[in-house]
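Below: the structure, in structure tokens.
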Amino acid sequence: MTGRSPPGHNGGPPLDAPTDRRPGLCKHCRHWQPPPDAEQKAYEYFRLGLSRRRVKRPSGSCDRVLFGNSSQAAFSATSADFGCRNFEPSPPRPRPAGGGFITIWENDRIVWQGNEEDIPGRFRQQDLDF
């Protein structure tokens with residue numbers, strides 16, 4: 001390998017984090033309900049050694065699990081890394097809006113600068129009359 005970037009790539013960092021492409025895991029299934037955030041945080045603190053209180057590994061739930069050779073779906077508590085024959089990929093999450101820094105110009109001078117979510121109403125495109 002020469003270490004070169006592929007054609008059309010400017011050598012910068014990747015735009016999106018690489019996705020986990022392992023098929024059939026509960027954490028990627030539309031039927032799976034993840035455990036509460038508090039349980040996940042408590043387990044992570046225990047796993048990292050930041051807490052002495054023992055915490056069981058958090059598990060979510062699914063009401064459409066197919067076990068073994070059975071064709072009937074069942075309810076079960078499952079971990080994020082579990083997989084079954086009834087996997088359906090969940091749709092991608094929408095990207096959060098906002099967070100950008102905006103500069104609005106009028107007649108070659110800056111009339112407003114700030115965060116995208118703080119734009120005054122008079123500058124919003126949907127409020128302007130043409």
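Lettering and numbering for the structure tokens are positional, with chains as A, B, ... in the shown order, residues counted from 1 in each chain, and ligands counted from 1 in the shown order.
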What lies within 9 Å of His31 in chain A using only C-alpha atoms, ignoring chain neighbours under 4 positions off, as a PyMOL selection string? chain A and resi 26+61-65+86-90
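For the set A:Gly49, A:Gly114, A:Pro58, A:Pro120, the residue with the smallest atom-to-atom gap to Gly100 in chain A is A:Gly114, counting only C-alpha atoms.
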- prompt: Near range 103-108 of chain A, within 12 Å and counting only C-alpha atoms, which residues show up once chain neighbours fewer than 6 positions away are dropped, as a PyMOL selection string?
  reply: chain A and resi 114-116+118-120+122-125
Could those selected residues go to a file with all heavy atoms, as an mmCIF file, in the first residue's frame?
```
data_model
loop_
_atom_site.group_PDB
_atom_site.id
_atom_site.type_symbol
_atom_site.label_atom_id
_atom_site.label_comp_id
_atom_site.auth_asym_id
_atom_site.auth_seq_id
_atom_site.Cartn_x
_atom_site.Cartn_y
_atom_site.Cartn_z
ATOM 1 N N GLY A 114 -24.825 34.371 14.016
ATOM 2 C CA GLY A 114 -25.156 33.569 15.194
ATOM 3 C C GLY A 114 -25.458 32.135 14.832
ATOM 4 O O GLY A 114 -25.255 31.701 13.690
ATOM 5 N N ASN A 115 -25.951 31.389 15.813
ATOM 6 C CA ASN A 115 -26.283 29.984 15.609
ATOM 7 C C ASN A 115 -27.528 29.844 14.753
ATOM 8 O O ASN A 115 -28.425 30.687 14.797
ATOM 9 C CB ASN A 115 -26.504 29.277 16.947
ATOM 10 C CG ASN A 115 -25.223 29.173 17.737
ATOM 11 O OD1 ASN A 115 -24.145 29.042 17.169
ATOM 12 N ND2 ASN A 115 -25.337 29.241 19.051
ATOM 13 N N GLU A 116 -27.586 28.757 14.005
ATOM 14 C CA GLU A 116 -28.687 28.519 13.065
ATOM 15 C C GLU A 116 -30.043 28.514 13.751
ATOM 16 O O GLU A 116 -31.015 29.041 13.222
ATOM 17 C CB GLU A 116 -28.452 27.183 12.360
ATOM 18 C CG GLU A 116 -29.454 26.853 11.298
ATOM 19 C CD GLU A 116 -29.120 25.568 10.586
ATOM 20 O OE1 GLU A 116 -28.094 24.944 10.876
ATOM 21 O OE2 GLU A 116 -29.917 25.190 9.718
ATOM 22 N N ASP A 118 -30.969 30.210 16.239
ATOM 23 C CA ASP A 118 -31.295 31.517 16.813
ATOM 24 C C ASP A 118 -31.591 32.589 15.766
ATOM 25 O O ASP A 118 -31.637 33.772 16.095
ATOM 26 C CB ASP A 118 -30.133 32.005 17.695
ATOM 27 C CG ASP A 118 -29.852 31.075 18.850
ATOM 28 O OD1 ASP A 118 -30.797 30.397 19.298
ATOM 29 O OD2 ASP A 118 -28.691 31.018 19.294
ATOM 30 N N ILE A 119 -31.778 32.204 14.510
ATOM 31 C CA ILE A 119 -32.021 33.187 13.448
ATOM 32 C C ILE A 119 -33.303 33.954 13.754
ATOM 33 O O ILE A 119 -34.345 33.359 14.025
ATOM 34 C CB ILE A 119 -32.151 32.497 12.071
ATOM 35 C CG1 ILE A 119 -30.848 31.813 11.701
ATOM 36 C CG2 ILE A 119 -32.538 33.505 10.999
ATOM 37 C CD1 ILE A 119 -30.921 31.016 10.419
ATOM 38 N N PRO A 120 -33.271 35.289 13.717
ATOM 39 C CA PRO A 120 -34.486 36.072 13.944
ATOM 40 C C PRO A 120 -35.527 35.785 12.860
ATOM 41 O O PRO A 120 -35.190 35.460 11.723
ATOM 42 C CB PRO A 120 -34.013 37.524 13.853
ATOM 43 C CG PRO A 120 -32.533 37.471 14.033
ATOM 44 C CD PRO A 120 -32.095 36.137 13.555
ATOM 45 N N ARG A 122 -37.345 37.610 11.072
ATOM 46 C CA ARG A 122 -37.370 38.450 9.863
ATOM 47 C C ARG A 122 -36.430 37.923 8.774
ATOM 48 O O ARG A 122 -36.539 38.308 7.625
ATOM 49 C CB ARG A 122 -37.020 39.890 10.205
ATOM 50 C CG ARG A 122 -35.607 40.091 10.689
ATOM 51 C CD ARG A 122 -35.343 41.562 10.983
ATOM 52 N NE ARG A 122 -33.957 41.780 11.292
ATOM 53 C CZ ARG A 122 -33.476 41.968 12.502
ATOM 54 N NH1 ARG A 122 -34.301 42.001 13.523
ATOM 55 N NH2 ARG A 122 -32.193 42.147 12.692
ATOM 56 N N PHE A 123 -35.508 37.029 9.123
ATOM 57 C CA PHE A 123 -34.580 36.479 8.148
ATOM 58 C C PHE A 123 -34.936 35.064 7.704
ATOM 59 O O PHE A 123 -34.252 34.505 6.867
ATOM 60 C CB PHE A 123 -33.153 36.479 8.703
ATOM 61 C CG PHE A 123 -32.623 37.846 9.002
ATOM 62 C CD1 PHE A 123 -32.230 38.177 10.279
ATOM 63 C CD2 PHE A 123 -32.517 38.790 8.005
ATOM 64 C CE1 PHE A 123 -31.735 39.431 10.560
ATOM 65 C CE2 PHE A 123 -32.019 40.054 8.272
ATOM 66 C CZ PHE A 123 -31.631 40.369 9.552
ATOM 67 N N ARG A 124 -35.960 34.485 8.263
ATOM 68 C CA ARG A 124 -36.320 33.114 7.895
ATOM 69 C C ARG A 124 -36.972 33.083 6.529
ATOM 70 O O ARG A 124 -37.872 33.843 6.241
ATOM 71 C CB ARG A 124 -37.232 32.496 8.934
ATOM 72 C CG ARG A 124 -36.564 32.320 10.269
ATOM 73 C CD ARG A 124 -37.436 31.476 11.188
ATOM 74 N NE ARG A 124 -36.844 31.400 12.499
ATOM 75 C CZ ARG A 124 -35.904 30.519 12.840
ATOM 76 N NH1 ARG A 124 -35.494 29.655 11.979
ATOM 77 N NH2 ARG A 124 -35.429 30.517 14.055
ATOM 78 N N GLN A 125 -36.546 32.154 5.690
ATOM 79 C CA GLN A 125 -37.008 32.071 4.309
ATOM 80 C C GLN A 125 -38.520 31.818 4.234
ATOM 81 O O GLN A 125 -39.199 32.411 3.421
ATOM 82 C CB GLN A 125 -36.266 30.964 3.571
ATOM 83 C CG GLN A 125 -36.569 30.885 2.094
ATOM 84 C CD GLN A 125 -36.051 32.093 1.337
ATOM 85 O OE1 GLN A 125 -35.027 32.647 1.701
ATOM 86 N NE2 GLN A 125 -36.748 32.487 0.306
#
```
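DSSP annotation of range 1-123 of chain A from backbone atoms: alpha helix (DSSP H) residues are Asp37, Ala38, Glu39, Gln40, Lys41, Ala42, Tyr43, Glu44, Tyr45, Phe46 and Arg47 of chain A.
For the pair CA of Trp32 in chain A and CA of Arg52 in chain A, the separation is 29.7 Å.
Compared by their closest atoms to Ala77 in chain A, and using only C-alpha atoms, the residues A:Pro91, A:Pro96, A:Pro34, A:Gly24 rank with A:Pro34 nearest.
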Residue with the minimum atom-to-atom distance to Glu117 in chain A, picked from A:Cys29, A:Gly60, A:Phe101, A:Ser71 with only C-alpha atoms counted, is A:Phe101
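Near range 35-48 of chain A, within 9 Å and counting only C-alpha atoms, sit A:Gln33, A:Leu50, A:Ser51, A:Arg52, A:Arg53, A:Arg54, A:Val55, A:Lys56, A:Arg57, A:Pro58, A:Ser59, A:Gly60, A:Ser61, A:Ser79; same-chain residues fewer than 2 positions away were not included.
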Using only C-alpha atoms, the residue out of A:Pro92, A:Gly99, A:Gly68, A:Gly83 with shortest distance to Leu25 in chain A is A:Gly83
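Of all the residues in range 30-106 of chain A, the ones DSSP labels as strand (DSSP E or B) from the backbone are Gln33, Gly60, Ser61, Cys62, Asp63, Arg64, Val65, Ala74, Phe75, Ser76, Ala77, Thr78, Gly83, Pro89, Phe101, Ile102, Thr103, Ile104, Trp105 and Glu106 of chain A.
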Written selection (N, CA and C atoms) as a compact mmCIF listing (two decimals), in the first residue's frame:
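Listing of selection_35.txt after writing:
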```txt
# COMPACT_ATOMS: atom_id res chain seq x y z
N GLN A 33 -36.81 -2.93 21.60
CA GLN A 33 -36.92 -1.76 22.49
C GLN A 33 -35.69 -1.75 23.39
N GLY A 60 -32.79 -5.22 26.54
CA GLY A 60 -34.00 -4.63 25.98
C GLY A 60 -35.06 -5.70 25.84
N SER A 61 -36.09 -5.40 25.09
CA SER A 61 -37.15 -6.39 24.92
C SER A 61 -37.62 -6.41 23.47
N CYS A 62 -38.15 -7.55 23.08
CA CYS A 62 -38.68 -7.72 21.73
C CYS A 62 -39.87 -8.66 21.82
N ASP A 63 -40.95 -8.31 21.15
CA ASP A 63 -42.13 -9.18 21.18
C ASP A 63 -42.27 -10.01 19.91
N ARG A 64 -41.22 -10.03 19.08
CA ARG A 64 -41.28 -10.78 17.83
C ARG A 64 -40.04 -11.63 17.61
N VAL A 65 -39.51 -12.24 18.66
CA VAL A 65 -38.32 -13.07 18.56
C VAL A 65 -38.69 -14.44 18.02
N ALA A 74 -42.27 -14.85 19.77
CA ALA A 74 -42.42 -14.84 21.22
C ALA A 74 -41.84 -13.54 21.77
N PHE A 75 -42.26 -13.19 23.00
CA PHE A 75 -41.70 -12.04 23.71
C PHE A 75 -40.47 -12.51 24.46
N SER A 76 -39.43 -11.69 24.46
CA SER A 76 -38.22 -12.07 25.18
C SER A 76 -37.41 -10.83 25.53
N ALA A 77 -36.67 -10.92 26.63
CA ALA A 77 -35.67 -9.91 26.97
C ALA A 77 -34.41 -10.29 26.23
N THR A 78 -33.83 -9.35 25.49
CA THR A 78 -32.64 -9.65 24.69
C THR A 78 -31.60 -8.54 24.86
N GLY A 83 -29.32 -11.91 18.24
CA GLY A 83 -29.92 -11.88 16.91
C GLY A 83 -30.90 -13.03 16.75
N PRO A 89 -34.27 -4.48 9.53
CA PRO A 89 -33.47 -3.30 9.86
C PRO A 89 -34.33 -2.09 10.17
N PHE A 101 -23.15 27.76 12.31
CA PHE A 101 -22.98 29.19 12.52
C PHE A 101 -23.36 29.90 11.23
N ILE A 102 -24.25 30.89 11.30
CA ILE A 102 -24.81 31.56 10.14
C ILE A 102 -24.37 33.02 10.10
N THR A 103 -24.05 33.48 8.90
CA THR A 103 -23.79 34.90 8.65
C THR A 103 -24.76 35.35 7.56
N ILE A 104 -25.55 36.38 7.84
CA ILE A 104 -26.51 36.91 6.88
C ILE A 104 -26.01 38.26 6.39
N TRP A 105 -25.92 38.38 5.07
CA TRP A 105 -25.42 39.59 4.44
C TRP A 105 -26.56 40.31 3.72
N GLU A 106 -26.53 41.63 3.72
CA GLU A 106 -27.42 42.46 2.92
C GLU A 106 -26.60 43.64 2.40
```
